[in-house]
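Contents: one structure, followed by commentary.
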Amino acid sequence: MEAKTEPFDKYYDKYEDWFERNKFVYKSELKAVAYFINKNEKGIEIGVGSGKFAAPLGIKHGIDPSNKMRKLAEKRGINVQKGVGESLDFSDESFDFVLMVTTICFLDDIEKSFKEVKRVLIKKGNFIIGFVDKNSDLGKQYLEKKDENVFYKKADFYSAENILQLLKRLEFHDIEVVQTIFGNLTDINKIQNFKEGYGEGGFVVIKANK
């Protein structure tokens with residue numbers, strides 16, 4: 001399975017720069033994801049990128065197909081394996097939780113990947129997914145400029161409803177949803193609080209139980 005790695009290998013500095021330029025957007029997203037993370041549990045981030053989420057969340061394991069991203073994540077203290085979400089090189093019930101942040105849009109087969117997540121989760125383990133909601137104002141902006149963005153050109157965006165339906169079909173349960181990133185990215189000059197549900201915020205985090 002061929003992963004969409006080229007832009008991340010080629011424009012890794014541009015990727016890192018986004019977090020600096022959008023510092024409060026990033027920290028708002030991080031705050032929402034952190035709500036569902038238990039640092040005392042063993043977790044892995046799929047599509048760990050450069051470790052911008054895993055490192056501050058205390059996640060020690062990650063997988064990513066991009067060589068450049070893996071090197072950056074390793075510098076942040078994460079044990080990273082080369083791989084893709086559709087084929088996880090781990091035994092059944094290996095992790096207490098699995099995290100994906102802005103990864104689902106780059107998967108070649110989202111259902112296969114979610115099934116792999118379920119396989120490697122312990123019984124009652126949590127699957128945590130952070131993503132830009134396609135139906136939000138932010139999602140619509142991303143879609144409009146998709147072809148101009150080196151990272152999102154080949155991405156497939158999903159709505160919160162899309163992801164919730166898939167999780168329920170795969171028999172995940174006890175699902176919780178929070179949202180953040182209210183307003184234009186350029187206007188966000190402080191860390192925003194997240195709120196329950198979806199439909200207002202551009203960035204949605206879903207936690208589902210195996």
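Quick note on naming: the chains in the structure tokens go A, B, ... in the order shown, residues restart at 1 in each chain, and ligands are numbered from 1 in order of appearance.
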* Asked: Quick one: residues within 8 Å of Asp174 in chain A, only C-alpha atoms counted, chain neighbours fewer than 2 positions away excluded, as a list in words?
  -> Phe172, Glu176, Ala208 and Asn209 of chain A
Those same residues, written as a compact mmCIF listing (two decimals), in the first residue's frame with N, CA and C atoms?
```
# COMPACT_ATOMS: atom_id res chain seq x y z
N PHE A 172 -17.71 -0.04 17.74
CA PHE A 172 -17.14 0.74 18.84
C PHE A 172 -18.33 1.32 19.61
N GLU A 176 -17.70 9.54 22.70
CA GLU A 176 -17.77 10.93 23.17
C GLU A 176 -17.15 11.83 22.11
N ALA A 208 -13.75 6.68 21.13
CA ALA A 208 -14.63 5.51 21.04
C ALA A 208 -13.99 4.34 21.75
N ASN A 209 -14.82 3.55 22.42
CA ASN A 209 -14.36 2.43 23.22
C ASN A 209 -14.52 1.11 22.47
```
* To do: Write out as an NGL selection string each polymer residue whose atoms come within 6 Å of range 34-44 of chain A, counting only C-alpha atoms; drop sequence neighbours fewer than 6 positions from it.
  => :A and (58-59 or 61-62 or 95-98)
* **Best match for closeness to Leu167 in chain A among A:Val80, A:Ile128, A:Leu107, A:Leu143, counting only C-alpha atoms** =>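 Closest to Leu167 in chain A of all the choices is A:Ile128.
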* To do: Just the residues within 7 Å of Val48 in chain A, please, counting only C-alpha atoms, with nothing from its chain fewer than 2 positions along; format it as a ChimeraX atom specification.
  => /A:45-46,50-51,54,62-64
File dump, residues just selected, C-alpha atoms, as a compact mmCIF listing (two decimals), in the first residue's frame:
```txt
# COMPACT_ATOMS: atom_id res chain seq x y z
CA GLU A 45 -0.12 7.49 17.64
CA ILE A 46 -0.73 6.34 14.07
CA SER A 50 6.98 14.89 13.73
CA GLY A 51 5.60 14.11 17.18
CA ALA A 54 2.59 12.53 20.86
CA GLY A 62 4.26 5.93 16.95
CA ILE A 63 4.16 4.80 13.35
CA ASP A 64 4.58 6.91 10.24
```
* Asked: From the list A:Lys112, A:Lys210, A:Lys14, A:Lys71, which residue is nearest Glu86 in chain A when using only C-alpha atoms?
  ->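 Closest residue, counting only C-alpha atoms: A:Lys112.
Residues surrounding Glu116 in chain A within 9 Å are Gly85, Glu86, Ser87, Leu88, Glu111 and Leu121 of chain A [only C-alpha atoms; sequence separation below 5 positions excluded].
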Output C-alpha atoms for every residue in the selection just made, as a PDB file, in the first residue's frame.
```pdb
ATOM      1  CA  GLY A  85      -2.523   2.488   9.461  1.00  0.00           C
ATOM      2  CA  GLU A  86      -3.936  -0.254   7.266  1.00  0.00           C
ATOM      3  CA  SER A  87      -1.313  -2.781   8.391  1.00  0.00           C
ATOM      4  CA  LEU A  88      -0.093  -2.431  11.977  1.00  0.00           C
ATOM      5  CA  GLU A 111     -12.241   1.021   7.272  1.00  0.00           C
ATOM      6  CA  LEU A 121      -6.517  -2.256  21.311  1.00  0.00           C
TER       7      LEU A 121
END
```
* Check the DSSP output for the backbone and give back, as a ChimeraX atom specification, the residues of range 38-209 of chain A in alpha helix (DSSP H). => /A:54-57,67-75,110-120,137-144,160-169
* So how far away is CA of Gly139 in chain A from CA of Ile163 in chain A, in Å? ->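 Between CA of Ile163 in chain A and CA of Gly139 in chain A the gap works out to 14.4 Å.
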* Taking into account only C-alpha atoms, which residue in the set A:Lys140, A:Ile188, A:Phe24, A:Phe19 is nearest to Phe157 in chain A? ->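 Counting only C-alpha atoms, the residue closest to Phe157 in chain A is A:Lys140.
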* To do: Write out as a count of residues only the residues lying within 12 Å of Glu200 in chain A, counting only C-alpha atoms and excluding same-chain residues fewer than 3 positions away.
  => 21
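In terms of minimum interatomic distance to Lys154 in chain A, A:Asp108 ranks closest within A:Asn126, A:Asp108, A:Lys118, A:Phe131, counting only C-alpha atoms.
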* To do: Mind listing the strand (DSSP E or B) residues of range 2-99 of chain A, per DSSP on the backbone, as a PyMOL selection string?
  => chain A and resi 43-46+61-64+79-82+84+87+95-99
If we count only C-alpha atoms and set the cut-off at 9 Å, which residues sit around Ser91 in chain A, ignoring sequence neighbours fewer than 2 positions away in its own chain? Please answer as a PDB file with C-alpha atoms, in the first residue's frame.
```
ATOM      1  CA  LEU A  88      -0.093  -2.431  11.977  1.00  0.00           C
ATOM      2  CA  ASP A  89       2.907  -4.578  12.885  1.00  0.00           C
ATOM      3  CA  GLU A  93      -4.413  -6.162  22.254  1.00  0.00           C
ATOM      4  CA  SER A  94      -1.051  -4.351  22.429  1.00  0.00           C
ATOM      5  CA  ARG A 119      -7.382  -5.424  16.758  1.00  0.00           C
ATOM      6  CA  VAL A 120      -4.394  -3.843  18.555  1.00  0.00           C
TER       7      VAL A 120
END
```
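When only C-alpha atoms are used to measure the gap to Asp187 in chain A, the shortest distance among A:Asn67, A:Thr102, A:Asn162, A:Asn22 belongs to A:Asn22.
Ranking A:Gln192, A:Thr186, A:Lys27, A:Glu161 by their shortest atom-to-atom distance to Leu57 in chain A, with only C-alpha atoms included, puts A:Lys27 first.
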